[in-house]
>>> print(open('data04.cif').read())   # mmCIF, C-alpha atoms
data_data
#
loop_
_atom_site.label_atom_id
_atom_site.label_comp_id
_atom_site.auth_asym_id
_atom_site.auth_seq_id
_atom_site.Cartn_x
_atom_site.Cartn_y
_atom_site.Cartn_z
CA MET A 1 -79.36 127.34 -56.65
CA PRO A 2 -79.23 130.33 -54.31
CA ARG A 3 -75.90 131.69 -53.24
CA GLU A 4 -74.43 129.66 -50.38
CA ILE A 5 -72.26 131.16 -47.69
CA MET A 6 -70.21 129.52 -44.96
CA HIS A 7 -68.59 131.60 -42.27
CA ARG A 8 -66.32 130.15 -39.62
CA GLN A 9 -64.11 131.54 -36.90
CA ALA A 10 -60.98 129.77 -35.75
CA ALA A 11 -62.58 128.90 -32.39
CA ASP A 12 -65.42 127.03 -34.15
CA ASN A 13 -63.21 124.03 -34.91
CA GLU A 14 -60.35 122.04 -33.45
CA TYR A 15 -57.07 122.36 -35.39
CA LEU A 16 -56.52 118.83 -36.66
CA HIS A 17 -56.03 118.15 -40.36
CA PRO A 18 -54.52 114.67 -40.62
CA ASP A 19 -54.17 114.87 -44.41
CA PHE A 20 -51.09 116.96 -43.67
CA HIS A 21 -49.33 113.67 -42.89
CA GLY A 22 -49.83 112.72 -46.54
CA ALA A 23 -48.37 115.99 -47.76
CA LEU A 24 -45.30 115.54 -45.54
CA SER A 25 -44.92 112.02 -46.89
CA VAL A 26 -44.95 113.34 -50.46
CA GLY A 27 -42.24 115.84 -49.50
CA ILE A 28 -40.05 113.16 -47.96
CA GLU A 29 -40.40 110.84 -50.94
CA TYR A 30 -39.62 113.75 -53.26
CA LEU A 31 -36.39 114.54 -51.39
CA HIS A 32 -35.47 110.86 -51.45
CA GLU A 33 -36.03 110.55 -55.20
CA LYS A 34 -34.32 113.81 -56.17
CA TYR A 35 -31.52 114.15 -53.64
CA GLY A 36 -31.08 110.78 -51.94
CA GLU A 37 -31.49 109.31 -48.48
CA GLN A 38 -29.07 111.67 -46.81
CA ALA A 39 -31.08 114.69 -47.93
CA VAL A 40 -34.14 113.31 -46.16
CA ARG A 41 -32.21 112.90 -42.92
CA GLN A 42 -30.49 116.25 -43.31
CA TYR A 43 -33.80 118.05 -43.86
CA LEU A 44 -35.50 116.35 -40.90
CA TRP A 45 -32.48 117.00 -38.70
CA GLN A 46 -32.43 120.70 -39.60
CA PHE A 47 -36.18 121.02 -39.13
CA ALA A 48 -36.12 119.28 -35.76
CA ARG A 49 -33.11 121.21 -34.46
CA THR A 50 -34.88 124.46 -35.39
CA PHE A 51 -38.51 123.80 -34.60
CA TYR A 52 -38.06 121.65 -31.51
CA ALA A 53 -35.35 123.87 -30.01
CA PRO A 54 -37.64 124.83 -27.08
CA LEU A 55 -38.33 121.13 -26.45
CA THR A 56 -34.60 120.39 -26.50
CA GLU A 57 -34.09 123.14 -23.94
CA ALA A 58 -36.86 121.70 -21.79
CA LEU A 59 -35.19 118.29 -22.04
CA LYS A 60 -31.97 119.81 -20.71
CA THR A 61 -33.68 121.54 -17.79
CA ARG A 62 -36.56 119.19 -16.91
CA GLY A 63 -35.27 115.87 -18.16
CA LEU A 64 -37.29 113.14 -19.84
CA ALA A 65 -40.55 114.30 -18.24
CA ALA A 66 -40.57 117.13 -20.78
CA LEU A 67 -40.36 114.66 -23.66
CA ALA A 68 -43.03 112.42 -22.16
CA GLU A 69 -45.34 115.40 -21.82
CA HIS A 70 -44.75 116.41 -25.45
CA PHE A 71 -45.38 112.95 -26.89
CA ARG A 72 -48.39 112.25 -24.66
CA THR A 73 -50.01 115.41 -25.97
CA ILE A 74 -49.33 114.45 -29.57
CA TYR A 75 -50.51 110.86 -29.37
CA GLU A 76 -53.66 111.85 -27.46
CA LEU A 77 -54.43 114.57 -29.98
CA GLU A 78 -53.94 112.26 -32.93
CA GLY A 79 -55.78 109.33 -31.35
CA GLY A 80 -52.75 107.06 -31.23
CA ALA A 81 -52.55 104.29 -28.65
CA ALA A 82 -49.19 104.63 -26.89
CA ARG A 83 -47.86 103.29 -23.60
CA PHE A 84 -45.33 105.34 -21.69
CA SER A 85 -42.77 104.07 -19.24
CA LEU A 86 -40.82 106.88 -17.59
CA SER A 87 -37.96 106.96 -15.11
CA GLU A 88 -35.30 109.58 -14.45
CA ASP A 89 -32.93 107.90 -16.89
CA GLU A 90 -35.21 106.34 -19.47
CA LEU A 91 -38.41 106.99 -21.38
CA ARG A 92 -39.90 104.18 -23.40
CA ILE A 93 -42.86 104.74 -25.74
CA GLU A 94 -44.61 101.76 -27.25
CA VAL A 95 -46.89 102.74 -30.12
CA ASP A 96 -49.43 100.22 -31.40
CA ALA A 97 -49.94 102.01 -34.70
CA CYS A 98 -48.54 105.37 -35.78
CA PRO A 99 -51.56 107.70 -36.26
CA ALA A 100 -49.85 109.29 -39.27
CA VAL A 101 -49.24 105.98 -41.05
CA LYS A 102 -52.69 104.72 -40.11
CA HIS A 103 -54.35 107.80 -41.60
CA MET A 104 -52.33 107.59 -44.82
CA ARG A 105 -53.11 103.89 -45.24
CA GLN A 106 -56.82 104.54 -44.64
CA ARG A 107 -56.93 107.39 -47.16
CA GLY A 108 -54.84 105.56 -49.73
CA TYR A 109 -51.94 108.03 -49.63
CA PRO A 110 -48.54 106.57 -50.42
CA VAL A 111 -46.27 106.29 -47.39
CA ALA A 112 -42.72 107.46 -48.11
CA ARG A 113 -40.07 104.74 -47.98
CA LEU A 114 -38.19 106.74 -45.36
CA PHE A 115 -41.21 107.88 -43.35
CA ARG A 116 -39.72 106.17 -40.29
CA GLU A 117 -37.12 108.96 -40.27
CA THR A 118 -39.84 111.36 -39.09
CA THR A 119 -39.51 109.43 -35.85
CA GLU A 120 -35.90 108.20 -35.83
CA THR A 121 -34.02 111.25 -37.12
CA VAL A 122 -36.36 113.72 -35.41
CA ASN A 123 -35.97 112.02 -32.02
CA ARG A 124 -32.19 111.95 -32.38
CA ALA A 125 -32.13 115.62 -33.33
CA ILE A 126 -34.27 116.59 -30.36
CA CYS A 127 -31.77 114.85 -28.06
CA ASP A 128 -28.67 116.26 -29.73
CA GLN A 129 -26.47 118.25 -27.32
CA THR A 130 -28.43 117.08 -24.29
CA PRO A 131 -27.53 114.45 -21.66
CA PHE A 132 -29.96 112.08 -23.43
CA ALA A 133 -29.97 109.95 -26.59
CA ALA A 134 -32.72 108.40 -28.70
CA GLU A 135 -33.10 104.99 -30.23
CA LEU A 136 -35.83 103.49 -32.42
CA VAL A 137 -35.85 99.98 -31.00
CA GLU A 138 -38.53 98.58 -33.30
CA TYR A 139 -40.49 99.98 -36.23
CA ASP A 140 -42.96 98.40 -38.62
CA ASP A 141 -43.10 100.30 -41.92
CA LEU A 142 -46.57 98.98 -42.70
CA THR A 143 -48.32 100.27 -39.57
CA GLY A 144 -45.82 102.52 -37.83
CA ARG A 145 -46.02 100.27 -34.78
CA GLY A 146 -42.83 100.70 -32.84
CA ILE A 147 -40.85 101.25 -29.69
CA GLN A 148 -39.02 104.49 -29.07
CA ARG A 149 -36.44 104.72 -26.32
CA PHE A 150 -34.83 107.81 -24.84
CA PHE A 151 -32.08 107.27 -22.32
CA ARG A 152 -29.38 109.08 -20.39
CA ARG A 153 -26.01 108.86 -22.12
CA ARG A 154 -23.49 106.94 -20.06
CA CYS A 155 -20.41 107.85 -22.08
CA GLN A 156 -19.44 109.96 -25.05
CA GLY A 157 -19.76 106.94 -27.31
CA ASP A 158 -23.52 106.66 -26.82
CA PRO A 159 -25.52 107.47 -29.94
CA CYS A 160 -26.64 111.04 -30.30
CA MET B 1 -43.61 111.45 -34.86
CA ILE B 2 -44.26 114.85 -36.32
CA SER B 3 -47.85 115.72 -35.47
CA CYS B 4 -50.10 117.05 -38.22
CA THR B 5 -50.40 120.12 -35.98
CA GLU B 6 -46.64 120.64 -36.55
CA PHE B 7 -46.79 120.12 -40.30
CA ILE B 8 -46.90 123.78 -41.30
CA PRO B 9 -43.48 124.64 -39.82
CA ALA B 10 -42.14 121.37 -41.29
CA TYR B 11 -43.49 122.43 -44.68
CA SER B 12 -42.04 125.94 -44.40
CA GLU B 13 -38.64 124.52 -43.44
CA LEU B 14 -38.85 122.09 -46.39
CA PHE B 15 -39.24 125.04 -48.77
CA LYS B 16 -36.13 126.62 -47.25
CA PHE B 17 -34.21 123.36 -47.54
CA LEU B 18 -35.20 122.93 -51.19
CA GLU B 19 -34.31 126.51 -52.04
CA ALA B 20 -30.87 125.94 -50.53
CA GLN B 21 -30.42 122.97 -52.90
CA GLY B 22 -30.84 125.02 -56.09
CA GLY B 23 -32.84 128.17 -55.75
CA ARG B 24 -36.43 129.15 -56.19
CA GLU B 25 -36.95 126.93 -59.25
CA VAL B 26 -36.43 123.87 -57.08
CA VAL B 27 -39.21 124.98 -54.73
CA GLU B 28 -41.51 125.67 -57.69
CA ALA B 29 -40.80 122.22 -59.09
CA PHE B 30 -41.75 120.66 -55.76
CA TRP B 31 -45.01 122.60 -55.62
CA GLU B 32 -45.89 121.29 -59.09
CA HIS B 33 -45.06 117.77 -57.97
CA LEU B 34 -47.14 118.12 -54.82
CA SER B 35 -50.08 119.47 -56.78
CA ASP B 36 -49.94 116.55 -59.21
CA ARG B 37 -49.49 113.91 -56.52
CA PHE B 38 -51.59 115.18 -53.68
CA LEU B 39 -54.54 117.20 -54.98
CA GLY B 40 -56.32 114.42 -56.82
CA ASN B 41 -59.24 114.81 -54.41
CA LEU B 42 -59.76 118.45 -55.42
CA ARG B 43 -59.40 117.54 -59.09
CA SER B 44 -61.94 114.74 -58.95
CA ALA B 45 -64.37 116.79 -56.82
CA VAL B 46 -64.36 119.57 -59.42
CA GLU B 47 -64.50 117.18 -62.37
CA GLN B 48 -67.59 115.56 -60.86
CA ASN B 49 -69.33 118.58 -59.36
CA GLY B 50 -68.06 121.68 -61.12
CA LEU B 51 -67.60 124.71 -58.88
CA ARG B 52 -69.45 122.88 -56.13
CA GLY B 53 -66.44 120.58 -56.00
CA CYS B 54 -64.44 123.55 -54.67
CA TRP B 55 -67.08 124.05 -51.97
CA ILE B 56 -66.92 120.35 -51.06
CA TYR B 57 -63.11 120.27 -50.98
CA TRP B 58 -62.55 123.44 -48.96
CA SER B 59 -65.48 122.77 -46.61
CA ARG B 60 -63.50 119.88 -45.18
CA THR B 61 -59.98 121.24 -45.29
CA LEU B 62 -60.71 124.72 -43.93
CA ASN B 63 -62.82 123.38 -41.08
CA GLU B 64 -60.17 120.80 -40.14
CA GLU B 65 -57.57 123.56 -40.25
CA ALA B 66 -59.72 125.75 -37.98
CA ALA B 67 -59.52 128.63 -40.40
CA ASP B 68 -61.27 131.96 -39.93
CA PHE B 69 -62.96 132.42 -43.28
CA THR B 70 -66.01 133.24 -45.35
CA MET B 71 -66.69 130.96 -48.29
CA GLU B 72 -69.28 131.70 -50.99
CA LEU B 73 -70.63 129.63 -53.83
CA ASP B 74 -72.81 131.15 -56.53
CA GLU B 75 -73.30 128.51 -59.19
CA GLU B 76 -75.59 130.67 -61.32
CA ALA B 77 -72.97 133.38 -61.52
CA GLY B 78 -70.25 130.76 -61.89
CA GLU B 79 -68.21 131.98 -58.96
CA PHE B 80 -66.62 130.51 -55.84
CA ARG B 81 -64.81 132.72 -53.37
CA ILE B 82 -62.87 132.37 -50.16
CA ALA B 83 -62.13 135.40 -48.02
CA MET B 84 -59.48 134.18 -45.59
CA HIS B 85 -59.70 136.47 -42.58
CA ARG B 86 -56.96 134.64 -40.71
CA CYS B 87 -55.08 131.86 -42.42
CA PRO B 88 -54.35 129.15 -39.84
CA SER B 89 -51.05 128.23 -41.48
CA MET B 90 -49.53 131.66 -41.85
CA ALA B 91 -50.96 132.83 -38.52
CA ARG B 92 -49.30 129.84 -36.86
CA LEU B 93 -45.96 130.58 -38.53
CA LEU B 94 -46.13 134.22 -37.50
CA GLN B 95 -46.85 133.24 -33.90
CA PHE B 96 -43.60 131.32 -33.49
CA THR B 97 -40.80 133.46 -32.16
CA HIS B 98 -38.04 130.94 -32.84
CA ILE B 99 -38.63 130.25 -36.54
CA GLU B 100 -39.00 132.49 -39.55
CA PRO B 101 -41.55 131.56 -42.26
CA TYR B 102 -40.20 130.75 -45.72
CA HIS B 103 -40.03 134.11 -47.49
CA ASP B 104 -42.59 133.17 -50.16
CA TYR B 105 -44.63 130.74 -48.10
CA CYS B 106 -48.10 131.88 -49.19
CA ARG B 107 -47.43 131.44 -52.88
CA HIS B 108 -47.60 127.68 -52.59
CA CYS B 109 -51.41 128.02 -52.40
CA ASP B 110 -51.40 129.87 -55.71
CA ALA B 111 -49.12 127.34 -57.37
CA LEU B 112 -50.83 124.20 -56.08
CA TYR B 113 -54.47 125.07 -56.76
CA ARG B 114 -53.98 127.01 -59.99
CA ARG B 115 -52.29 123.96 -61.49
CA VAL B 116 -55.39 121.86 -60.79
CA LEU B 117 -58.13 124.32 -61.69
CA GLU B 118 -56.94 126.16 -64.80
CA PRO B 119 -56.57 122.99 -66.91
CA LEU B 120 -60.18 122.20 -65.96
CA GLY B 121 -61.25 125.48 -67.58
CA TYR B 122 -61.62 127.75 -64.55
CA GLN B 123 -60.21 131.21 -63.97
CA TYR B 124 -58.21 131.35 -60.76
CA THR B 125 -57.19 134.53 -59.02
CA ILE B 126 -55.66 135.00 -55.60
CA ASP B 127 -54.82 138.19 -53.76
CA LEU B 128 -51.81 137.62 -51.52
CA SER B 129 -51.10 141.29 -50.85
CA GLU B 130 -51.94 140.88 -47.15
CA CYS B 131 -50.42 137.45 -46.64
CA ARG B 132 -48.01 138.73 -43.97
CA GLN B 133 -51.13 139.59 -41.98
CA ALA B 134 -52.39 136.03 -42.62
CA ARG B 135 -55.14 137.30 -44.91
CA CYS B 136 -55.84 136.48 -48.55
CA ALA B 137 -58.72 136.22 -51.02
CA LEU B 138 -59.28 133.57 -53.66
CA THR B 139 -61.77 133.58 -56.54
CA ILE B 140 -62.48 130.74 -58.92
CA SER B 141 -64.86 131.41 -61.76
CA GLY B 142 -66.22 129.77 -64.86
CA GLN B 143 -68.83 127.20 -65.85
CA PRO B 144 -66.99 124.64 -67.92
CA LEU B 145 -69.31 121.71 -67.11
#
>>> encode(input="data04.cif", output="structure tokens")
Amino acid sequence: MPREIMHRQAADNEYLHPDFHGALSVGIEYLHEKYGEQAVRQYLWQFARTFYAPLTEALKTRGLAALAEHFRTIYELEGGAARFSLSEDELRIEVDACPAVKHMRQRGYPVARLFRETTETVNRAICDQTPFAAELVEYDDLTGRGIQRFFRRRCQGDPC
Amino acid sequence: MISCTEFIPAYSELFKFLEAQGGREVVEAFWEHLSDRFLGNLRSAVEQNGLRGCWIYWSRTLNEEAADFTMELDEEAGEFRIAMHRCPSMARLLQFTHIEPYHDYCRHCDALYRRVLEPLGYQYTIDLSECRQARCALTISGQPL
């Protein structure tokens, strides 16, 4: 066989490698096994507080529209069917099937027992120290189908 | 949901979190675990196709990751090479102004792939000397089939 060469520039392709969901799932399951449930939540909390800090700031200044914009982009990019209901005080996202879970199931990758925390803990962390709170109203571990709710805190006792 | 386009910073932060649990050895142990659990597709591609399995595996991953690279396969010479002109993962991490990449981020590629390929009889070398410029070079050689 002659020598084969492939050359690509970044602009030749779209950046979308869904197998990364499987690698994240392995990481979450590893933390769970080695360090327990709290380590999973602690890691995701720390990651979200750090990485999504600009989104948290946007949430403070622009309100829930900033979150809706962020999640619309993600679900469109990943091909996930999601319905958005947005008002000044509440954002509700109904997801028919989480694109990450769907991809892992299709490829035969194991889905971490606490994979739901990539939604629940991450959403709560994004809302931390803002006038808003997050709640995972429904979640199906098998498909990732679920309802996420973000709402304006009414008192200090509201979940953060 | 954490998008797959946000995985790289999540991965980098995971390495930091693990290191905080017990040092560098803990991160190394995770890389070994990830290699064993997650790179079965590379392992089987190489077992079935020899060096061409590397070509098959990285043809998909590097294109999906929108990497800037040159990949060469010379089966007669028993050599497969990747010249990574701009690694999409490291380049992405370096672009962020609000997070710092894990200090030894690039070495996970060495750890993960070496662990698959050397037991199959291949020589694996990687030059990470320019990884902070998001560049590296990988060579896999041998004809064990």
>>> atom_distance(input="data04.cif", atom1="CA of Glu76 (chain B)", atom2="CA of Gln123 (chain B)")
15.6 Å
>>> closest_residue(input="data04.cif", among="B:Arg43, B:Arg86, B:Arg24, B:His108", to="chain A", atoms="all atoms listed in the file")
B:Arg86
>>> atom_distance(input="data04.cif", atom1="CA of Phe150 (chain A)", atom2="CA of Ser25 (chain A)")
24.6 Å
>>> atom_distance(input="data04.cif", atom1="CA of Ala58 (chain A)", atom2="CA of Val101 (chain A)")
27.8 Å
>>> residues_around(input="data04.cif", residues="Ile74 (chain A)", least_positions_apart="6", cutoff="10 Å", atoms="all atoms listed in the file", output="list in words")
Ala68, Gly80 and Pro99 of chain A; Met1, Ile2, Ser3, Cys4, Thr5 and Glu6 of chain B
>>> write_last_selection(input="data04.cif", atoms="C-alpha atoms", output="PDB file, keeping the file's coordinate frame")
ATOM      1  CA  ALA A  68     -43.030 112.420 -22.160  1.00  0.00           C
ATOM      2  CA  GLY A  80     -52.750 107.060 -31.230  1.00  0.00           C
ATOM      3  CA  PRO A  99     -51.560 107.700 -36.260  1.00  0.00           C
TER       4      PRO A  99
ATOM      5  CA  MET B   1     -43.610 111.450 -34.860  1.00  0.00           C
ATOM      6  CA  ILE B   2     -44.260 114.850 -36.320  1.00  0.00           C
ATOM      7  CA  SER B   3     -47.850 115.720 -35.470  1.00  0.00           C
ATOM      8  CA  CYS B   4     -50.100 117.050 -38.220  1.00  0.00           C
ATOM      9  CA  THR B   5     -50.400 120.120 -35.980  1.00  0.00           C
ATOM     10  CA  GLU B   6     -46.640 120.640 -36.550  1.00  0.00           C
TER      11      GLU B   6
END
>>> interface_residues(input="data04.cif", of="chain A", to="chain B", cutoff="9 Å", atoms="all atoms listed in the file", output="PyMOL selection string")
chain A and resi 1-24+26-27+30-31+35+43-44+46-48+50-51+53-54+71+74-75+77-78+98-100+109+116-120+122-123
>>> write_last_selection(input="data04.cif", atoms="C-alpha atoms", output="JSON list (two decimals), in the frame of the given file")
[["chain", "number", "residue", "atom", "x", "y", "z"],
["A", 1, "MET", "CA", -79.36, 127.34, -56.65],
["A", 2, "PRO", "CA", -79.23, 130.33, -54.31],
["A", 3, "ARG", "CA", -75.90, 131.69, -53.24],
["A", 4, "GLU", "CA", -74.43, 129.66, -50.38],
["A", 5, "ILE", "CA", -72.26, 131.16, -47.69],
["A", 6, "MET", "CA", -70.21, 129.52, -44.96],
["A", 7, "HIS", "CA", -68.59, 131.60, -42.27],
["A", 8, "ARG", "CA", -66.32, 130.15, -39.62],
["A", 9, "GLN", "CA", -64.11, 131.54, -36.90],
["A", 10, "ALA", "CA", -60.98, 129.77, -35.75],
["A", 11, "ALA", "CA", -62.58, 128.90, -32.39],
["A", 12, "ASP", "CA", -65.42, 127.03, -34.15],
["A", 13, "ASN", "CA", -63.21, 124.03, -34.91],
["A", 14, "GLU", "CA", -60.35, 122.04, -33.45],
["A", 15, "TYR", "CA", -57.07, 122.36, -35.39],
["A", 16, "LEU", "CA", -56.52, 118.83, -36.66],
["A", 17, "HIS", "CA", -56.03, 118.15, -40.36],
["A", 18, "PRO", "CA", -54.52, 114.67, -40.62],
["A", 19, "ASP", "CA", -54.17, 114.87, -44.41],
["A", 20, "PHE", "CA", -51.09, 116.96, -43.67],
["A", 21, "HIS", "CA", -49.33, 113.67, -42.89],
["A", 22, "GLY", "CA", -49.83, 112.72, -46.54],
["A", 23, "ALA", "CA", -48.37, 115.99, -47.76],
["A", 24, "LEU", "CA", -45.30, 115.54, -45.54],
["A", 26, "VAL", "CA", -44.95, 113.34, -50.46],
["A", 27, "GLY", "CA", -42.24, 115.84, -49.50],
["A", 30, "TYR", "CA", -39.62, 113.75, -53.26],
["A", 31, "LEU", "CA", -36.39, 114.54, -51.39],
["A", 35, "TYR", "CA", -31.52, 114.15, -53.64],
["A", 43, "TYR", "CA", -33.80, 118.05, -43.86],
["A", 44, "LEU", "CA", -35.50, 116.35, -40.90],
["A", 46, "GLN", "CA", -32.43, 120.70, -39.60],
["A", 47, "PHE", "CA", -36.18, 121.02, -39.13],
["A", 48, "ALA", "CA", -36.12, 119.28, -35.76],
["A", 50, "THR", "CA", -34.88, 124.46, -35.39],
["A", 51, "PHE", "CA", -38.51, 123.80, -34.60],
["A", 53, "ALA", "CA", -35.35, 123.87, -30.01],
["A", 54, "PRO", "CA", -37.64, 124.83, -27.08],
["A", 71, "PHE", "CA", -45.38, 112.95, -26.89],
["A", 74, "ILE", "CA", -49.33, 114.45, -29.57],
["A", 75, "TYR", "CA", -50.51, 110.86, -29.37],
["A", 77, "LEU", "CA", -54.43, 114.57, -29.98],
["A", 78, "GLU", "CA", -53.94, 112.26, -32.93],
["A", 98, "CYS", "CA", -48.54, 105.37, -35.78],
["A", 99, "PRO", "CA", -51.56, 107.70, -36.26],
["A", 100, "ALA", "CA", -49.85, 109.29, -39.27],
["A", 109, "TYR", "CA", -51.94, 108.03, -49.63],
["A", 116, "ARG", "CA", -39.72, 106.17, -40.29],
["A", 117, "GLU", "CA", -37.12, 108.96, -40.27],
["A", 118, "THR", "CA", -39.84, 111.36, -39.09],
["A", 119, "THR", "CA", -39.51, 109.43, -35.85],
["A", 120, "GLU", "CA", -35.90, 108.20, -35.83],
["A", 122, "VAL", "CA", -36.36, 113.72, -35.41],
["A", 123, "ASN", "CA", -35.97, 112.02, -32.02]]
>>> build_atoms(input="data04.cif", residues="region 12-20 of chain A", atoms="all heavy atoms", output="mmCIF file, in the coordinates of the input")
data_model
loop_
_atom_site.group_PDB
_atom_site.id
_atom_site.type_symbol
_atom_site.label_atom_id
_atom_site.label_comp_id
_atom_site.auth_asym_id
_atom_site.auth_seq_id
_atom_site.Cartn_x
_atom_site.Cartn_y
_atom_site.Cartn_z
ATOM 1 N N ASP A 12 -64.302 127.936 -33.855
ATOM 2 C CA ASP A 12 -65.420 127.030 -34.150
ATOM 3 C C ASP A 12 -64.974 125.588 -34.315
ATOM 4 O O ASP A 12 -65.789 124.663 -34.244
ATOM 5 C CB ASP A 12 -66.140 127.464 -35.440
ATOM 6 C CG ASP A 12 -66.834 128.810 -35.276
ATOM 7 O OD1 ASP A 12 -67.148 129.175 -34.128
ATOM 8 O OD2 ASP A 12 -67.053 129.496 -36.301
ATOM 9 N N ASN A 13 -63.706 125.379 -34.616
ATOM 10 C CA ASN A 13 -63.210 124.030 -34.910
ATOM 11 C C ASN A 13 -61.916 123.744 -34.153
ATOM 12 O O ASN A 13 -61.169 124.663 -33.800
ATOM 13 C CB ASN A 13 -62.906 123.891 -36.414
ATOM 14 C CG ASN A 13 -64.167 123.884 -37.254
ATOM 15 O OD1 ASN A 13 -64.991 122.975 -37.154
ATOM 16 N ND2 ASN A 13 -64.340 124.904 -38.080
ATOM 17 N N GLU A 14 -61.643 122.457 -33.983
ATOM 18 C CA GLU A 14 -60.350 122.040 -33.450
ATOM 19 C C GLU A 14 -59.348 122.001 -34.606
ATOM 20 O O GLU A 14 -59.708 121.601 -35.720
ATOM 21 C CB GLU A 14 -60.453 120.648 -32.829
ATOM 22 C CG GLU A 14 -59.151 120.158 -32.210
ATOM 23 C CD GLU A 14 -59.217 118.702 -31.755
ATOM 24 O OE1 GLU A 14 -60.140 117.979 -32.182
ATOM 25 O OE2 GLU A 14 -58.337 118.294 -31.000
ATOM 26 N N TYR A 15 -58.116 122.391 -34.351
ATOM 27 C CA TYR A 15 -57.070 122.360 -35.390
ATOM 28 C C TYR A 15 -56.523 120.942 -35.495
ATOM 29 O O TYR A 15 -55.688 120.537 -34.687
ATOM 30 C CB TYR A 15 -55.967 123.357 -35.037
ATOM 31 C CG TYR A 15 -54.837 123.411 -36.042
ATOM 32 C CD1 TYR A 15 -55.037 123.908 -37.323
ATOM 33 C CD2 TYR A 15 -53.559 122.973 -35.708
ATOM 34 C CE1 TYR A 15 -54.007 123.959 -38.246
ATOM 35 C CE2 TYR A 15 -52.520 123.022 -36.624
ATOM 36 C CZ TYR A 15 -52.754 123.518 -37.892
ATOM 37 O OH TYR A 15 -51.729 123.572 -38.808
ATOM 38 N N LEU A 16 -57.023 120.198 -36.467
ATOM 39 C CA LEU A 16 -56.520 118.830 -36.660
ATOM 40 C C LEU A 16 -56.840 118.394 -38.088
ATOM 41 O O LEU A 16 -57.965 117.999 -38.392
ATOM 42 C CB LEU A 16 -57.173 117.873 -35.659
ATOM 43 C CG LEU A 16 -56.515 116.494 -35.598
ATOM 44 C CD1 LEU A 16 -55.146 116.555 -34.946
ATOM 45 C CD2 LEU A 16 -57.403 115.509 -34.839
ATOM 46 N N HIS A 17 -55.845 118.480 -38.937
ATOM 47 C CA HIS A 17 -56.030 118.150 -40.360
ATOM 48 C C HIS A 17 -55.057 117.021 -40.707
ATOM 49 O O HIS A 17 -53.943 117.260 -41.181
ATOM 50 C CB HIS A 17 -55.757 119.407 -41.195
ATOM 51 C CG HIS A 17 -56.002 119.220 -42.662
ATOM 52 N ND1 HIS A 17 -57.117 118.597 -43.174
ATOM 53 C CD2 HIS A 17 -55.265 119.583 -43.738
ATOM 54 C CE1 HIS A 17 -57.059 118.591 -44.488
ATOM 55 N NE2 HIS A 17 -55.942 119.172 -44.865
ATOM 56 N N PRO A 18 -55.467 115.784 -40.470
ATOM 57 C CA PRO A 18 -54.520 114.670 -40.620
ATOM 58 C C PRO A 18 -54.019 114.442 -42.039
ATOM 59 O O PRO A 18 -53.000 113.761 -42.216
ATOM 60 C CB PRO A 18 -55.300 113.464 -40.084
ATOM 61 C CG PRO A 18 -56.718 113.883 -40.021
ATOM 62 C CD PRO A 18 -56.748 115.364 -39.902
ATOM 63 N N ASP A 19 -54.695 114.999 -43.044
ATOM 64 C CA ASP A 19 -54.170 114.870 -44.410
ATOM 65 C C ASP A 19 -52.782 115.490 -44.547
ATOM 66 O O ASP A 19 -52.043 115.176 -45.488
ATOM 67 C CB ASP A 19 -55.113 115.534 -45.423
ATOM 68 C CG ASP A 19 -56.303 114.648 -45.773
ATOM 69 O OD1 ASP A 19 -56.405 113.528 -45.218
ATOM 70 O OD2 ASP A 19 -57.139 115.074 -46.586
ATOM 71 N N PHE A 20 -52.435 116.372 -43.631
ATOM 72 C CA PHE A 20 -51.090 116.960 -43.670
ATOM 73 C C PHE A 20 -50.010 115.874 -43.593
ATOM 74 O O PHE A 20 -48.910 116.061 -44.111
ATOM 75 C CB PHE A 20 -50.890 117.947 -42.519
ATOM 76 C CG PHE A 20 -51.479 119.317 -42.757
ATOM 77 C CD1 PHE A 20 -51.851 120.118 -41.685
ATOM 78 C CD2 PHE A 20 -51.638 119.832 -44.035
ATOM 79 C CE1 PHE A 20 -52.377 121.383 -41.873
ATOM 80 C CE2 PHE A 20 -52.164 121.101 -44.241
ATOM 81 C CZ PHE A 20 -52.535 121.881 -43.158
#
